[in-house]
Amino acid sequence: QLAASFSLSRRTIIKKRPSLPLRRLVTKRTKLLSKQRAKQQTLSAMVKQAQVIQRQSNNNKTHPKPRFNSSTILSIGILTTALAIAKPYLLLLLTAILSTILPYAYRENDDGESRRRLWAEFEKRTDLPPELKCEDVDLEERYWTNERGMCLLTSVMKPKSNQQVRGVICFCHGYMDNVSFLKRVEYQRFVKKGFAVVMIE
């Protein structure tokens, strides 16, 4: 009798339909998840498109050759290590000399001013996606010099048409990163939600 009662109550629980507010909550949650998935798929598609454009740009241009080949740099490294072990005080002298010489071993256009000039030329391309041109947001970029004499770039993205700003997001990138290209595409989703994004280069 106890088993039959348990089985009956179990069937009742299984057959009982969820209440109307619960069904509405589940439906609303499902729609929200669908929208988030669609946004993520759109963002992924834009990122892939930008990466394809970057690869095509790299393939169409011949990269300048380094001023020194890898074997020369390796020889300098071995010689520097040997001299530093034999005469430790020479390490300071060699460091001062190499800090002046080594920048010439890098490729052409490997300074901030040249990179910004190349970026300005890249923006003139006609096959770029609209998100990369920031057509849906207000973009303002300007240079300024800090107290240490470093020339820095500030990039500010704000919502269009004087929309009220809900908050400010500050982004300071890490080593070897930048605030252009895919960062513009990635952080526009905050701007479209009413946030201003301030990035420093």
# chains A, B, ... in the order shown; residues from 1 in each chain; ligands from 1
$ residues_around --residues "Ser44 (chain A)" --least-positions-apart "5" --cutoff "12 Å" --atoms "only C-alpha atoms" --output "VMD selection string"
chain A and resid 37 to 39 49 to 51 182 185 to 186
$ write_last_selection --atoms "all heavy atoms" --output "mmCIF file, in the first residue's frame"
data_model
loop_
_atom_site.group_PDB
_atom_site.id
_atom_site.type_symbol
_atom_site.label_atom_id
_atom_site.label_comp_id
_atom_site.auth_asym_id
_atom_site.auth_seq_id
_atom_site.Cartn_x
_atom_site.Cartn_y
_atom_site.Cartn_z
ATOM 1 N N ARG A 37 23.542 34.139 -27.739
ATOM 2 C CA ARG A 37 24.242 33.268 -28.686
ATOM 3 C C ARG A 37 24.355 33.940 -30.050
ATOM 4 O O ARG A 37 25.386 33.868 -30.720
ATOM 5 C CB ARG A 37 23.510 31.933 -28.814
ATOM 6 C CG ARG A 37 23.796 30.976 -27.672
ATOM 7 C CD ARG A 37 23.346 29.566 -28.005
ATOM 8 N NE ARG A 37 22.855 28.906 -26.817
ATOM 9 C CZ ARG A 37 21.574 28.756 -26.494
ATOM 10 N NH1 ARG A 37 20.642 29.233 -27.292
ATOM 11 N NH2 ARG A 37 21.220 28.143 -25.382
ATOM 12 N N ALA A 38 23.270 34.604 -30.487
ATOM 13 C CA ALA A 38 23.291 35.288 -31.785
ATOM 14 C C ALA A 38 24.326 36.411 -31.791
ATOM 15 O O ALA A 38 25.055 36.593 -32.772
ATOM 16 C CB ALA A 38 21.902 35.840 -32.096
ATOM 17 N N LYS A 39 24.419 37.177 -30.690
ATOM 18 C CA LYS A 39 25.407 38.252 -30.608
ATOM 19 C C LYS A 39 26.825 37.696 -30.645
ATOM 20 O O LYS A 39 27.707 38.243 -31.308
ATOM 21 C CB LYS A 39 25.193 39.067 -29.324
ATOM 22 C CG LYS A 39 23.970 39.963 -29.367
ATOM 23 C CD LYS A 39 23.836 40.745 -28.076
ATOM 24 C CE LYS A 39 22.601 41.647 -28.108
ATOM 25 N NZ LYS A 39 22.441 42.391 -26.845
ATOM 26 N N GLN A 49 36.194 37.777 -40.110
ATOM 27 C CA GLN A 49 36.292 38.594 -41.315
ATOM 28 C C GLN A 49 37.480 39.548 -41.232
ATOM 29 O O GLN A 49 38.238 39.715 -42.198
ATOM 30 C CB GLN A 49 35.001 39.377 -41.524
ATOM 31 C CG GLN A 49 34.965 40.169 -42.836
ATOM 32 C CD GLN A 49 33.662 40.945 -42.990
ATOM 33 O OE1 GLN A 49 32.815 40.923 -42.110
ATOM 34 N NE2 GLN A 49 33.520 41.621 -44.110
ATOM 35 N N ALA A 50 37.668 40.159 -40.057
ATOM 36 C CA ALA A 50 38.798 41.075 -39.882
ATOM 37 C C ALA A 50 40.124 40.330 -39.973
ATOM 38 O O ALA A 50 41.099 40.845 -40.526
ATOM 39 C CB ALA A 50 38.680 41.790 -38.531
ATOM 40 N N GLN A 51 40.161 39.101 -39.435
ATOM 41 C CA GLN A 51 41.393 38.310 -39.505
ATOM 42 C C GLN A 51 41.716 37.927 -40.941
ATOM 43 O O GLN A 51 42.882 37.920 -41.351
ATOM 44 C CB GLN A 51 41.265 37.062 -38.632
ATOM 45 C CG GLN A 51 41.299 37.360 -37.142
ATOM 46 C CD GLN A 51 40.982 36.152 -36.302
ATOM 47 O OE1 GLN A 51 40.454 35.158 -36.795
ATOM 48 N NE2 GLN A 51 41.296 36.220 -35.019
ATOM 49 N N LEU A 182 41.103 44.938 -33.873
ATOM 50 C CA LEU A 182 40.037 44.126 -33.291
ATOM 51 C C LEU A 182 39.518 44.679 -31.965
ATOM 52 O O LEU A 182 38.393 44.381 -31.572
ATOM 53 C CB LEU A 182 40.516 42.679 -33.101
ATOM 54 C CG LEU A 182 40.824 41.924 -34.397
ATOM 55 C CD1 LEU A 182 41.281 40.507 -34.090
ATOM 56 C CD2 LEU A 182 39.606 41.881 -35.312
ATOM 57 N N VAL A 185 36.440 46.627 -32.671
ATOM 58 C CA VAL A 185 35.273 45.776 -32.934
ATOM 59 C C VAL A 185 34.769 45.164 -31.643
ATOM 60 O O VAL A 185 33.564 45.119 -31.372
ATOM 61 C CB VAL A 185 35.641 44.676 -33.951
ATOM 62 C CG1 VAL A 185 34.460 43.754 -34.195
ATOM 63 C CG2 VAL A 185 36.113 45.287 -35.259
ATOM 64 N N GLU A 186 35.703 44.708 -30.807
ATOM 65 C CA GLU A 186 35.334 43.971 -29.603
ATOM 66 C C GLU A 186 34.586 44.825 -28.592
ATOM 67 O O GLU A 186 33.599 44.386 -27.997
ATOM 68 C CB GLU A 186 36.615 43.404 -28.975
ATOM 69 C CG GLU A 186 36.369 42.509 -27.774
ATOM 70 C CD GLU A 186 37.650 41.931 -27.219
ATOM 71 O OE1 GLU A 186 38.721 42.119 -27.855
ATOM 72 O OE2 GLU A 186 37.600 41.305 -26.154
#
$ atom_distance --atom1 "CA of Glu113 (chain A)" --atom2 "CA of Phe195 (chain A)"
29.4 Å
$ closest_residue --among "A:Val198, A:Leu98, A:Met46, A:Met176" --to "Leu128 (chain A)" --atoms "only C-alpha atoms"
A:Met46
$ closest_residue --among "A:Phe122, A:Trp144, A:Tyr175, A:Tyr187" --to "Ile53 (chain A)" --atoms "only C-alpha atoms"
A:Phe122
$ atom_distance --atom1 "CA of Thr30 (chain A)" --atom2 "CA of Asp136 (chain A)"
28.2 Å
$ closest_residue --among "A:Val47, A:Leu93, A:Ile200, A:Val179" --to "Leu153 (chain A)" --atoms "only C-alpha atoms"
A:Ile200
$ residues_around --residues "Lys158 (chain A)" --least-positions-apart "4" --cutoff "12 Å" --atoms "only C-alpha atoms" --output "PyMOL selection string"
chain A and resi 134-141+162-169+184+187-199
$ select_by_dssp --residues "region 27-181 of chain A" --states "strand (DSSP E)" --output "MDAnalysis selection string"
chainID A and resid 137:145 151:159 167:172
$ closest_residue --among "A:Glu201, A:Lys160, A:Lys183, A:Glu131" --to "Thr145 (chain A)" --atoms "only C-alpha atoms"
A:Glu201
